[in-house]
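The next block is entry_24.cif, given as mmCIF, C-alpha atoms.
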```cif
data_start
#
loop_
_atom_site.label_atom_id
_atom_site.label_comp_id
_atom_site.auth_asym_id
_atom_site.auth_seq_id
_atom_site.Cartn_x
_atom_site.Cartn_y
_atom_site.Cartn_z
CA MET Y 40 305.19 86.00 259.68
CA PHE Y 41 304.09 83.53 262.37
CA GLU Y 42 305.47 83.60 265.92
CA ILE Y 43 305.27 80.10 267.37
CA THR Y 44 306.43 78.44 270.59
CA THR Y 45 307.18 74.83 271.42
CA PRO Y 46 305.70 72.40 272.22
CA PHE Y 47 302.83 72.75 269.73
CA SER Y 48 299.65 70.96 268.71
CA ASP Y 49 297.85 69.93 265.54
CA ASP Y 50 295.93 73.23 265.56
CA LEU Y 51 299.12 75.12 264.85
CA VAL Y 52 300.34 72.64 262.25
CA GLU Y 53 297.04 73.13 260.41
CA LEU Y 54 297.75 76.86 260.06
CA LEU Y 55 301.17 76.54 258.46
CA ARG Y 56 301.72 76.46 254.68
CA ALA Y 57 304.81 75.83 252.56
CA GLY Y 58 306.59 79.15 252.01
CA ASP Y 59 305.48 80.74 255.30
CA ARG Y 60 308.18 82.51 257.28
CA VAL Y 61 308.12 81.68 260.98
CA VAL Y 62 310.01 82.62 264.13
CA LEU Y 63 310.14 79.86 266.70
CA SER Y 64 310.82 80.18 270.45
CA GLY Y 65 311.06 77.66 273.26
CA VAL Y 66 312.83 74.35 273.80
CA ILE Y 67 314.03 72.24 270.85
CA TYR Y 68 316.23 69.15 270.70
CA THR Y 69 319.20 68.51 268.43
CA ALA Y 70 319.89 65.19 266.73
CA ARG Y 71 321.71 64.27 263.53
CA ASP Y 72 323.00 61.04 261.94
CA ALA Y 73 324.55 59.24 264.92
CA ALA Y 74 321.93 60.35 267.48
CA HIS Y 75 319.14 59.14 265.18
CA ALA Y 76 320.85 55.76 264.89
CA ARG Y 77 321.06 55.55 268.71
CA MET Y 78 317.42 56.58 269.16
CA ALA Y 79 316.31 53.95 266.63
CA GLU Y 80 318.30 51.37 268.60
CA ALA Y 81 316.66 52.53 271.85
CA LEU Y 82 313.19 52.19 270.32
CA ARG Y 83 314.00 48.67 269.06
CA ALA Y 84 315.18 47.74 272.56
CA GLY Y 85 312.03 49.22 274.10
CA GLU Y 86 314.01 51.88 275.96
CA GLU Y 87 313.01 55.47 276.59
CA LEU Y 88 314.21 58.25 274.28
CA PRO Y 89 316.37 61.06 275.70
CA PHE Y 90 313.53 63.59 275.28
CA PRO Y 91 309.73 63.50 274.85
CA LEU Y 92 308.65 63.46 271.18
CA ALA Y 93 305.01 64.49 271.63
CA GLY Y 94 304.49 68.04 270.36
CA ASN Y 95 308.22 68.66 270.09
CA VAL Y 96 310.70 69.70 267.41
CA ILE Y 97 314.05 68.18 266.39
CA TYR Y 98 316.78 70.39 264.93
CA TYR Y 99 319.25 68.59 262.64
CA VAL Y 100 322.47 70.28 263.75
CA GLY Y 101 325.91 69.45 265.04
CA PRO Y 102 327.00 72.76 266.55
CA ALA Y 103 330.55 74.06 266.69
CA PRO Y 104 331.97 74.46 270.24
CA ALA Y 105 330.83 77.58 272.11
CA LYS Y 106 333.21 80.50 272.51
CA PRO Y 107 333.13 82.23 275.90
CA GLY Y 108 330.07 84.48 275.95
CA TRP Y 109 328.11 82.35 273.46
CA ALA Y 110 325.55 79.69 274.43
CA VAL Y 111 326.67 77.60 271.48
CA GLY Y 112 329.06 77.83 268.55
CA SER Y 113 327.89 78.18 264.95
CA ALA Y 114 324.68 76.19 264.67
CA GLY Y 115 323.15 76.00 261.20
CA PRO Y 116 321.17 73.04 259.86
CA THR Y 117 322.64 69.93 258.27
CA THR Y 118 321.13 68.11 255.25
CA SER Y 119 317.87 66.50 256.42
CA GLY Y 120 317.65 63.76 253.79
CA ARG Y 121 320.15 61.63 255.71
CA MET Y 122 317.63 61.30 258.54
CA ASP Y 123 314.70 60.33 256.26
CA SER Y 124 314.78 56.62 257.04
CA TYR Y 125 314.27 57.30 260.77
CA THR Y 126 311.70 60.09 260.51
CA PRO Y 127 308.31 58.40 259.83
CA GLU Y 128 308.57 56.36 263.04
CA LEU Y 129 309.35 59.49 265.10
CA LEU Y 130 306.39 61.29 263.54
CA ARG Y 131 304.15 58.34 264.36
CA LEU Y 132 305.25 58.70 267.99
CA GLY Y 133 304.18 62.34 268.07
CA LEU Y 134 307.07 64.48 266.79
CA LYS Y 135 305.47 67.66 265.39
CA GLY Y 136 308.29 69.42 263.63
CA MET Y 137 311.79 69.15 262.20
CA ILE Y 138 314.30 71.84 261.31
CA GLY Y 139 316.96 71.18 258.68
CA LYS Y 140 317.78 71.94 255.08
CA GLY Y 141 317.20 70.16 251.81
CA ALA Y 142 314.54 67.90 250.36
CA ARG Y 143 312.73 65.08 252.20
CA SER Y 144 311.70 61.68 250.85
CA GLU Y 145 308.19 60.83 249.67
CA GLU Y 146 307.84 58.62 252.78
CA VAL Y 147 308.58 61.56 255.09
CA LYS Y 148 306.18 63.84 253.19
CA ALA Y 149 303.46 61.18 253.43
CA ALA Y 150 304.10 60.84 257.17
CA LEU Y 151 303.79 64.64 257.60
CA ARG Y 152 300.33 64.38 256.06
CA GLU Y 153 299.33 61.30 258.03
CA TYR Y 154 300.49 62.43 261.47
CA LYS Y 155 300.02 66.21 261.00
CA ALA Y 156 303.51 67.62 261.29
CA VAL Y 157 305.67 70.21 259.55
CA TYR Y 158 309.19 70.45 258.14
CA PHE Y 159 311.02 73.76 258.45
CA ALA Y 160 314.25 74.89 256.86
CA ALA Y 161 316.70 77.20 258.57
CA THR Y 162 319.21 79.04 256.38
CA GLY Y 163 322.00 76.56 255.74
CA GLY Y 164 325.42 78.05 256.30
CA ALA Y 165 324.14 80.97 258.36
CA GLY Y 166 325.60 79.27 261.43
CA ALA Y 167 326.74 82.38 263.25
CA LEU Y 168 323.41 84.23 262.84
CA LEU Y 169 321.42 81.20 263.97
CA ALA Y 170 323.67 80.62 267.00
CA LYS Y 171 322.75 84.16 268.17
CA ARG Y 172 319.14 82.97 268.57
CA VAL Y 173 320.16 80.17 270.96
CA VAL Y 174 319.80 81.45 274.52
CA ARG Y 175 320.85 78.30 276.41
CA ALA Y 176 322.28 74.95 275.40
CA ARG Y 177 323.16 71.77 277.24
CA VAL Y 178 323.97 68.20 276.29
CA ILE Y 179 321.25 65.83 277.53
CA ALA Y 180 322.28 62.51 275.92
CA TYR Y 181 325.06 60.64 274.11
CA PRO Y 182 327.93 62.99 275.14
CA ASP Y 183 330.43 60.58 273.57
CA LEU Y 184 329.15 61.63 270.14
CA GLY Y 185 330.80 65.06 270.48
CA PRO Y 186 329.06 67.51 268.11
CA GLU Y 187 326.49 64.79 267.36
CA ALA Y 188 325.31 64.52 270.98
CA VAL Y 189 321.67 65.40 271.74
CA HIS Y 190 321.48 68.99 272.99
CA GLU Y 191 318.55 70.82 274.50
CA PHE Y 192 318.43 74.33 273.03
CA VAL Y 193 316.34 77.16 274.35
CA VAL Y 194 315.83 79.42 271.34
CA ASP Y 195 314.42 82.91 271.00
CA LYS Y 196 312.85 83.79 267.65
CA LEU Y 197 314.75 81.31 265.50
CA PRO Y 198 313.99 82.35 261.87
CA LEU Y 199 312.60 79.48 259.78
CA THR Y 200 310.78 78.82 256.54
CA VAL Y 201 308.05 76.19 256.14
CA VAL Y 202 309.15 73.79 253.39
CA ASN Y 203 306.70 70.86 253.74
CA ASP Y 204 303.27 71.38 255.28
CA MET Y 205 300.67 68.76 256.22
CA TYR Y 206 298.76 69.37 252.99
CA GLY Y 207 301.51 68.16 250.66
CA GLY Y 208 302.86 71.64 249.91
CA ASP Y 209 306.59 71.63 249.04
CA LEU Y 210 308.47 74.93 248.76
CA TYR Y 211 311.45 73.35 246.97
CA LEU Y 212 309.24 72.03 244.15
CA ASP Y 213 306.97 75.09 243.97
CA GLY Y 214 309.84 77.59 244.12
CA ARG Y 215 311.81 75.84 241.42
CA ARG Y 216 308.81 75.55 239.12
CA ARG Y 217 308.25 79.27 239.45
CA TYR Y 218 311.78 80.29 238.44
CA ALA Y 219 312.98 77.55 236.06
CA ARG Y 220 313.61 78.71 232.49
CA GLN Y 221 313.62 76.38 229.50
CA ARG Y 222 316.21 77.04 226.79
CA MET O 166 341.18 79.32 262.14
CA GLU O 167 340.89 82.47 260.02
CA ALA O 168 339.98 80.31 257.06
CA ASN O 169 336.78 79.37 258.88
CA TYR O 170 335.87 82.91 259.94
CA GLU O 171 336.23 84.52 256.53
CA LEU O 172 334.95 83.75 253.04
CA ALA O 173 337.32 82.96 250.16
CA THR O 174 338.64 85.80 247.97
CA GLY O 175 335.81 87.21 245.87
CA MET O 176 333.04 85.21 247.55
CA GLY O 177 331.60 87.98 249.75
CA GLU O 178 331.50 90.40 246.82
CA ALA O 179 329.89 87.75 244.61
CA ILE O 180 327.09 87.13 247.14
CA LYS O 181 326.48 90.88 247.58
CA LYS O 182 326.36 91.45 243.83
CA SER O 183 323.96 88.55 243.33
CA ILE O 184 321.25 90.26 245.43
CA GLU O 185 320.54 92.61 242.51
CA ALA O 186 320.22 89.71 240.09
CA GLU O 187 317.83 87.74 242.31
CA GLU O 188 314.16 88.16 241.39
CA SER O 189 312.69 86.07 244.21
CA PRO O 190 311.91 88.15 247.33
CA VAL O 191 312.64 85.19 249.64
CA GLY O 192 315.84 84.58 247.66
CA ARG O 193 316.94 88.18 248.23
CA GLU O 194 316.18 87.83 251.95
CA VAL O 195 318.31 84.69 252.14
CA LEU O 196 321.23 86.34 250.32
CA ALA O 197 321.04 89.32 252.69
CA GLU O 198 321.10 86.88 255.62
CA LEU O 199 324.24 85.28 254.21
CA VAL O 200 325.95 88.67 253.96
CA ALA O 201 324.96 89.48 257.56
CA ASN O 202 326.13 86.05 258.71
CA SER O 203 329.57 86.37 257.12
CA GLU O 204 330.01 89.86 258.54
CA LEU O 205 329.04 88.63 262.02
CA ALA O 206 331.42 85.68 261.74
CA LEU O 207 334.31 87.93 260.75
CA THR O 208 333.79 90.56 263.45
CA GLU O 209 333.14 88.04 266.24
CA SER O 210 335.77 85.51 265.07
CA VAL O 211 333.31 82.62 264.96
CA PRO O 212 332.89 80.10 262.14
CA ILE O 213 330.67 81.12 259.22
CA CYS O 214 329.16 77.64 259.28
CA GLN O 215 329.17 74.97 261.99
CA ASP O 216 330.51 72.53 259.42
CA THR O 217 334.09 73.70 259.64
CA GLY O 218 335.00 70.88 257.34
CA LEU O 219 337.69 68.41 256.61
CA ALA O 220 341.00 70.26 256.42
CA VAL O 221 341.86 69.86 252.73
CA VAL O 222 345.48 70.92 252.30
CA TYR O 223 347.16 71.35 248.95
CA LEU O 224 350.88 72.02 248.92
CA GLU O 225 352.76 73.42 245.97
CA LEU O 226 356.25 72.47 247.04
CA GLY O 227 359.10 74.18 245.21
CA GLN O 228 361.65 71.58 244.12
CA ASP O 229 364.47 73.58 245.71
CA VAL O 230 362.74 73.57 249.11
CA HIS O 231 364.12 71.19 251.69
CA VAL O 232 361.78 70.49 254.61
CA VAL O 233 363.87 69.79 257.74
CA ASP O 234 363.30 68.92 261.41
CA GLY O 235 360.59 66.32 261.35
CA ASP O 236 357.67 64.97 259.38
CA LEU O 237 355.81 67.51 257.21
CA TYR O 238 352.53 65.57 257.34
CA LEU O 239 352.63 65.30 261.14
CA ALA O 240 353.38 69.02 261.36
CA ILE O 241 350.29 69.79 259.27
CA ASP O 242 348.14 67.52 261.45
CA GLU O 243 349.49 69.30 264.54
CA GLY O 244 348.50 72.64 263.01
CA VAL O 245 345.00 71.32 262.28
CA ARG O 246 344.72 69.95 265.83
CA GLN O 247 345.69 73.28 267.39
CA GLY O 248 343.64 75.41 265.02
CA TYR O 249 340.44 73.40 265.45
CA GLN O 250 340.87 73.35 269.23
CA GLU O 251 341.82 76.98 269.82
CA GLY O 252 339.47 78.31 267.16
CA TYR O 253 336.30 76.67 268.58
CA LEU O 254 335.89 74.76 265.31
CA ARG O 255 333.84 71.59 265.03
CA LYS O 256 335.58 68.21 264.94
CA SER O 257 334.09 66.48 261.92
CA VAL O 258 336.40 63.53 261.17
CA VAL O 259 335.71 59.84 261.86
CA SER O 260 338.71 57.51 261.89
CA ASP O 261 337.09 54.74 259.87
CA PRO O 262 334.29 55.20 257.31
CA LEU O 263 332.41 52.14 258.60
CA LEU O 264 333.22 52.12 262.32
CA ARG O 265 332.69 55.91 262.54
CA GLN O 266 334.54 56.92 265.69
CA ASN O 267 335.15 60.69 265.87
CA THR O 268 338.92 61.37 266.05
CA GLY O 269 338.18 64.27 268.41
CA ASP O 270 340.64 66.77 266.94
CA ASN O 271 339.67 66.98 263.25
CA THR O 272 342.83 65.17 262.14
CA PRO O 273 344.03 63.84 259.86
CA ALA O 274 344.24 66.59 257.27
CA PHE O 275 343.64 65.53 253.65
CA ILE O 276 346.93 66.44 252.04
CA ARG O 277 347.98 66.53 248.42
CA VAL O 278 351.49 67.61 247.39
CA GLN O 279 352.57 68.77 243.99
CA ILE O 280 356.24 69.46 243.21
CA VAL O 281 356.64 72.71 241.29
CA PRO O 282 359.67 74.71 240.09
CA GLY O 283 361.16 77.26 242.51
CA ASP O 284 362.13 77.64 246.14
CA LYS O 285 358.81 78.54 247.71
CA LEU O 286 356.17 76.50 249.52
CA ARG O 287 352.57 77.51 248.84
CA ILE O 288 350.07 76.11 251.35
CA HIS O 289 346.40 76.09 250.39
CA LEU O 290 343.79 75.30 253.05
CA LEU O 291 340.22 74.61 251.97
CA PRO O 292 337.93 73.65 254.88
CA LYS O 293 335.42 71.48 253.01
CA GLY O 294 331.94 70.75 254.33
CA GLY O 295 330.26 67.37 254.06
CA GLY O 296 326.96 68.45 252.54
CA SER O 297 328.47 69.72 249.33
CA GLU O 298 330.95 66.81 249.12
CA ASN O 299 328.01 64.40 249.27
CA VAL O 300 326.44 65.75 246.08
CA SER O 301 329.70 65.86 244.10
CA ARG O 302 330.10 63.32 241.27
CA LEU O 303 332.50 61.88 238.71
CA ALA O 304 331.83 60.20 235.37
CA MET O 305 334.02 58.54 232.77
CA LEU O 306 332.40 59.74 229.54
CA LYS O 307 333.08 58.53 226.02
CA PRO O 308 335.17 60.95 223.95
CA ALA O 309 332.31 60.98 221.40
CA GLN O 310 330.07 62.61 224.03
CA GLY O 311 332.37 65.63 223.89
CA VAL O 312 331.48 69.02 225.28
CA ALA O 313 327.75 68.25 225.13
CA GLY O 314 328.29 65.27 227.44
CA VAL O 315 330.29 67.41 229.85
CA LYS O 316 327.57 70.07 229.96
CA ASP O 317 324.85 67.47 230.58
CA PHE O 318 326.80 65.89 233.42
CA VAL O 319 327.55 69.20 235.15
CA LEU O 320 323.94 70.35 234.83
CA SER O 321 322.48 67.07 236.04
CA THR O 322 324.83 67.10 239.05
CA VAL O 323 323.60 70.55 240.12
CA ASP O 324 320.01 69.58 239.26
CA LYS O 325 320.18 66.53 241.55
CA ALA O 326 321.89 68.52 244.32
CA GLY O 327 318.93 70.93 244.24
CA GLY O 328 318.75 72.92 247.45
CA ASN O 329 320.44 70.24 249.57
CA ALA O 330 323.99 71.55 249.55
CA CYS O 331 323.34 75.23 250.37
CA PRO O 332 323.13 77.18 247.13
CA PRO O 333 324.24 79.57 245.75
CA TYR O 334 327.04 77.23 244.76
CA VAL O 335 330.49 77.58 243.34
CA VAL O 336 330.88 74.74 240.87
CA GLY O 337 334.35 73.20 240.53
CA VAL O 338 334.72 71.13 237.35
CA GLY O 339 337.60 68.87 236.40
CA ILE O 340 337.88 67.59 232.84
CA GLY O 341 340.48 65.07 231.70
CA GLY O 342 343.40 63.42 233.46
CA THR O 343 342.98 60.02 235.07
CA PHE O 344 340.04 58.93 237.24
CA ASP O 345 341.70 60.23 240.42
CA GLU O 346 343.43 63.25 238.84
CA CYS O 347 340.06 64.44 237.49
CA ALA O 348 338.47 64.59 240.95
CA PHE O 349 341.44 66.59 242.21
CA LEU O 350 341.15 69.05 239.31
CA ALA O 351 337.56 69.74 240.37
CA LYS O 352 338.68 70.40 243.92
CA ARG O 353 341.59 72.61 242.84
CA ALA O 354 339.14 74.61 240.71
CA LEU O 355 337.45 75.69 243.96
CA MET O 356 340.73 77.27 245.10
CA ARG O 357 340.68 79.92 242.35
CA PRO O 358 339.49 83.42 243.29
CA VAL O 359 335.70 83.28 242.89
CA GLY O 360 334.61 84.23 239.39
CA SER O 361 338.12 84.40 237.93
CA PRO O 362 337.90 83.02 234.37
CA SER O 363 340.02 80.17 233.07
CA PRO O 364 343.05 81.50 231.17
CA ARG O 365 342.10 79.19 228.29
CA PRO O 366 339.48 80.89 226.09
CA HIS O 367 337.42 77.79 225.20
CA LEU O 368 337.15 76.88 228.89
CA ALA O 369 336.32 80.44 229.96
CA GLU O 370 333.51 80.42 227.41
CA LEU O 371 332.24 77.06 228.67
CA GLU O 372 332.30 78.40 232.25
CA GLN O 373 330.00 81.29 231.27
CA GLU O 374 327.68 79.04 229.32
CA LEU O 375 327.38 76.54 232.16
CA LEU O 376 326.78 79.30 234.71
CA ALA O 377 323.87 80.64 232.65
CA SER O 378 322.35 77.16 232.22
CA ILE O 379 322.71 76.37 235.93
CA ASN O 380 320.98 79.61 236.85
CA ASP O 381 318.11 78.68 234.52
CA LEU O 382 317.40 75.64 236.70
CA GLY O 383 315.49 77.91 239.10
CA ILE O 384 316.83 76.27 242.28
CA GLY O 385 317.75 79.65 243.79
CA PRO O 386 319.25 80.61 247.16
CA GLN O 387 318.72 77.71 249.63
CA GLY O 388 316.64 75.96 246.98
CA TYR O 389 313.54 78.11 247.68
CA GLY O 390 313.36 79.02 243.97
CA GLY O 391 315.12 81.88 242.28
CA ARG O 392 317.56 83.15 239.71
CA VAL O 393 320.82 82.75 241.67
CA THR O 394 321.72 79.05 241.93
CA ALA O 395 325.45 79.39 241.30
CA LEU O 396 327.83 82.34 241.59
CA ALA O 397 330.64 80.90 239.47
CA VAL O 398 331.78 77.87 237.49
CA HIS O 399 335.51 77.14 237.51
CA ILE O 400 336.93 74.57 235.09
CA GLU O 401 340.37 72.96 235.29
CA ALA O 402 341.42 70.66 232.45
CA SER O 403 344.28 68.27 231.91
CA PRO O 404 345.60 65.95 229.15
CA THR O 405 343.95 62.54 229.13
CA HIS O 406 343.94 59.11 227.42
CA ILE O 407 342.75 58.76 223.80
CA ALA O 408 339.91 56.52 225.06
CA CYS O 409 338.83 58.70 228.01
CA LEU O 410 336.81 61.79 228.83
CA PRO O 411 336.65 61.98 232.64
CA VAL O 412 334.57 64.77 234.17
CA ALA O 413 334.22 65.54 237.86
CA VAL O 414 332.05 68.09 239.65
CA ASN O 415 332.96 69.23 243.15
CA LEU O 416 330.33 71.57 244.54
CA SER O 417 330.96 74.21 247.16
CA CYS O 418 328.21 75.75 249.22
CA HIS O 419 328.00 79.55 249.58
CA ALA O 420 330.38 79.26 252.58
CA LEU O 421 333.40 78.77 250.33
CA ARG O 422 336.51 79.13 252.48
CA HIS O 423 340.08 79.11 251.25
CA LYS O 424 343.36 80.56 252.49
CA MET O 425 346.74 80.50 250.83
CA ARG O 426 350.11 81.32 252.39
CA GLU O 427 353.46 81.33 250.63
CA ILE O 428 356.66 80.73 252.55
#
```

Rewrite the structure from the file as structure tokens, please.
Amino acid sequence: MFEITTPFSDDLVELLRAGDRVVLSGVIYTARDAAHARMAEALRAGEELPFPLAGNVIYYVGPAPAKPGWAVGSAGPTTSGRMDSYTPELLRLGLKGMIGKGARSEEVKAALREYKAVYFAATGGAGALLAKRVVRARVIAYPDLGPEAVHEFVVDKLPLTVVNDMYGGDLYLDGRRRYARQR
Amino acid sequence: MEANYELATGMGEAIKKSIEAEESPVGREVLAELVANSELALTESVPICQDTGLAVVYLELGQDVHVVDGDLYLAIDEGVRQGYQEGYLRKSVVSDPLLRQNTGDNTPAFIRVQIVPGDKLRIHLLPKGGGSENVSRLAMLKPAQGVAGVKDFVLSTVDKAGGNACPPYVVGVGIGGTFDECAFLAKRALMRPVGSPSPRPHLAELEQELLASINDLGIGPQGYGGRVTALAVHIEASPTHIACLPVAVNLSCHALRHKMREI
């Protein structure tokens, strides 16, 4: 079990392997379909992004509204594959990690190798448990997108699993190979 | 609101039971997390999953029931509006599939009405998440492909879904009917108590066979590899055309939510 904090450098990425369990603390940024589209637009227009990419981590989540006493409502990952077309460019600009669920494209996996970054999965559908690890949350960009706005989360020991490492390791492929049975 | 805080009938028990069957240590950890998550959601009255879904509403309207004082569809939308607001549920509806403006209150509901004998109104609510809708599929097979074709299609649908749609799944299968009827059969199959067998013996047998084959795929909880890929397969079938063999697969993630009230 690794305990890691954001932002992080290549040295940490080099230590992580597909299948490792990790707890992550620090600041992370949320973005899903609509926020990625806006950020791509901003980059095309030569504008600044709502948060610094270098060394940072994006969480693919559109949280439910917070009840009184909670920093955020249920906040589990959404399916990462929908963000694949935007990801290589963000990795090129220094993004070091992503949190989501589900398989990534070959292009994303190649970019993880090229730019030294890592893809984590959080347990999909465990939205209430994961929300408990979010200490503070605030919207920092695109408030008109509602749940799809960019939030800054401060998290404490968010439980994650490394799915794709910078060496080409892929937990989804390895795990399935291990347990598949031919009839 | 409650429908989003609590798993469907039989689902919690099915997840708990599956921990014993799971051989992968990470898989067992994930299943235990899911149990803890659903217990937390229920005691704290928060949604199990942030994707609190489209409000899929299925009405079995007794033919002797007369709905008075206003528009039934608007009344349902008003209920959805209030429930999603007061219940701290996420608003996940865009008004146009291409323009993609969030409606802000999770309306409209997706309503299907069936007239049935009697003087009761049964209201089913199935909050349906987007991830597992996205990997659902329909095919118009040739009758000659028969049961083998159906099995191949169901298996390949789950195979392609892999870990993307939050396994362990409940697999709703519709066979027969028309193109549109078939998709609805698959959705209605998800409203059965989890693991309850089809009353028709040949379908109940097919459900068991498909469940075993799906669990041989090795996808496992969250797709990390393991024995437990699906908890149940439910099949609903309907008469169809002599030239047709429609089959539809509607997947549900492990956060299967369904409530039914009869008035």

Report as an mmCIF file with C-alpha atoms, in the coordinates of the input the full result of the PyMOL selection byres ((chain O and resi 266) around 12) when it is applied to this structure.
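So the final result, stored in out-v3.cif, reads:
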```cif
data_model
loop_
_atom_site.group_PDB
_atom_site.id
_atom_site.type_symbol
_atom_site.label_atom_id
_atom_site.label_comp_id
_atom_site.auth_asym_id
_atom_site.auth_seq_id
_atom_site.Cartn_x
_atom_site.Cartn_y
_atom_site.Cartn_z
ATOM 1 C CA ALA Y 73 324.550 59.240 264.920
ATOM 2 C CA ASP Y 183 330.430 60.580 273.570
ATOM 3 C CA LEU Y 184 329.150 61.630 270.140
ATOM 4 C CA GLY Y 185 330.800 65.060 270.480
ATOM 5 C CA GLU Y 187 326.490 64.790 267.360
ATOM 6 C CA LYS O 256 335.580 68.210 264.940
ATOM 7 C CA SER O 257 334.090 66.480 261.920
ATOM 8 C CA VAL O 258 336.400 63.530 261.170
ATOM 9 C CA VAL O 259 335.710 59.840 261.860
ATOM 10 C CA SER O 260 338.710 57.510 261.890
ATOM 11 C CA ASP O 261 337.090 54.740 259.870
ATOM 12 C CA PRO O 262 334.290 55.200 257.310
ATOM 13 C CA LEU O 263 332.410 52.140 258.600
ATOM 14 C CA LEU O 264 333.220 52.120 262.320
ATOM 15 C CA ARG O 265 332.690 55.910 262.540
ATOM 16 C CA ASN O 267 335.150 60.690 265.870
ATOM 17 C CA THR O 268 338.920 61.370 266.050
ATOM 18 C CA GLY O 269 338.180 64.270 268.410
ATOM 19 C CA ASP O 270 340.640 66.770 266.940
ATOM 20 C CA ASN O 271 339.670 66.980 263.250
#
```

Requested in this report: Starting from the shown file, work through the PyMOL selection byres ((chain O) within 8 of (chain Y)) and note down what comes out as an MDAnalysis selection string.
Outcome: chainID O and resid 195 198:199 201:203 205:206 211:217 253:256 267 269 296 327:331 381:385 387:392 418:420

Counting only C-alpha atoms, I want the residues whose atoms come within 12 Å of (361.5, 72.2, 252.8) in the file frame, returned as a tab-separated table (two decimals) with C-alpha atoms, in the coordinates of the input.
```tsv
chain	number	residue	atom	x	y	z
O	224	LEU	CA	350.88	72.02	248.92
O	225	GLU	CA	352.76	73.42	245.97
O	226	LEU	CA	356.25	72.47	247.04
O	227	GLY	CA	359.10	74.18	245.21
O	228	GLN	CA	361.65	71.58	244.12
O	229	ASP	CA	364.47	73.58	245.71
O	230	VAL	CA	362.74	73.57	249.11
O	231	HIS	CA	364.12	71.19	251.69
O	232	VAL	CA	361.78	70.49	254.61
O	233	VAL	CA	363.87	69.79	257.74
O	234	ASP	CA	363.30	68.92	261.41
O	235	GLY	CA	360.59	66.32	261.35
O	236	ASP	CA	357.67	64.97	259.38
O	237	LEU	CA	355.81	67.51	257.21
O	280	ILE	CA	356.24	69.46	243.21
O	283	GLY	CA	361.16	77.26	242.51
O	284	ASP	CA	362.13	77.64	246.14
O	285	LYS	CA	358.81	78.54	247.71
O	286	LEU	CA	356.17	76.50	249.52
O	287	ARG	CA	352.57	77.51	248.84
O	428	ILE	CA	356.66	80.73	252.55
```

Query raised in the report: Taking the file as shown, what set of residues would the PyMOL selection byres ((chain Y and resi 174) around 10) give back, as a PyMOL selection string?
Result: chain Y and resi 64-66+109-111+170-173+175-176+192-195

Query raised in the report: Do you know which residues are at most 12 Å from Asp49 in chain Y counting all atoms listed in the file, after dropping those on the same chain fewer than 4 positions away, and could you put them as a count of residues only?
Result: 19

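Distance-wise, CA of His399 in chain O and CA of Gly337 in chain O end up 5.1 Å apart.
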
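CA of Val221 in chain O is positioned 15.5 Å from CA of Glu346 in chain O.
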
Query raised in the report: CA of Tyr99 in chain Y to CA of Leu196 in chain O: how many Å, to one decimal?
Result: 21.7 Å

Report task. For Pro89 in chain Y, work out the shell of residues within 10 Å, counting all atoms listed in the file and skipping chain neighbours fewer than 6 positions away, then give it as a PyMOL selection string. Result -> chain Y and resi 68+74+78+81+179-181+189-190

Write out, as an mmCIF file, keeping the file's coordinate frame, the residues just selected, with C-alpha atoms.
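As written to disk, out_10.cif reads:
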```cif
data_model
loop_
_atom_site.group_PDB
_atom_site.id
_atom_site.type_symbol
_atom_site.label_atom_id
_atom_site.label_comp_id
_atom_site.auth_asym_id
_atom_site.auth_seq_id
_atom_site.Cartn_x
_atom_site.Cartn_y
_atom_site.Cartn_z
ATOM 1 C CA TYR Y 68 316.230 69.150 270.700
ATOM 2 C CA ALA Y 74 321.930 60.350 267.480
ATOM 3 C CA MET Y 78 317.420 56.580 269.160
ATOM 4 C CA ALA Y 81 316.660 52.530 271.850
ATOM 5 C CA ILE Y 179 321.250 65.830 277.530
ATOM 6 C CA ALA Y 180 322.280 62.510 275.920
ATOM 7 C CA TYR Y 181 325.060 60.640 274.110
ATOM 8 C CA VAL Y 189 321.670 65.400 271.740
ATOM 9 C CA HIS Y 190 321.480 68.990 272.990
#
```

**Report entry** All residues 12 Å or closer to range 314-319 of chain O, all atoms listed in the file, same chain fewer than 5 positions away omitted, as a PyMOL selection string
**Finding:** chain O and resi 300-309+324-326+336-341+351+368+371-379+398-400+402+410-416
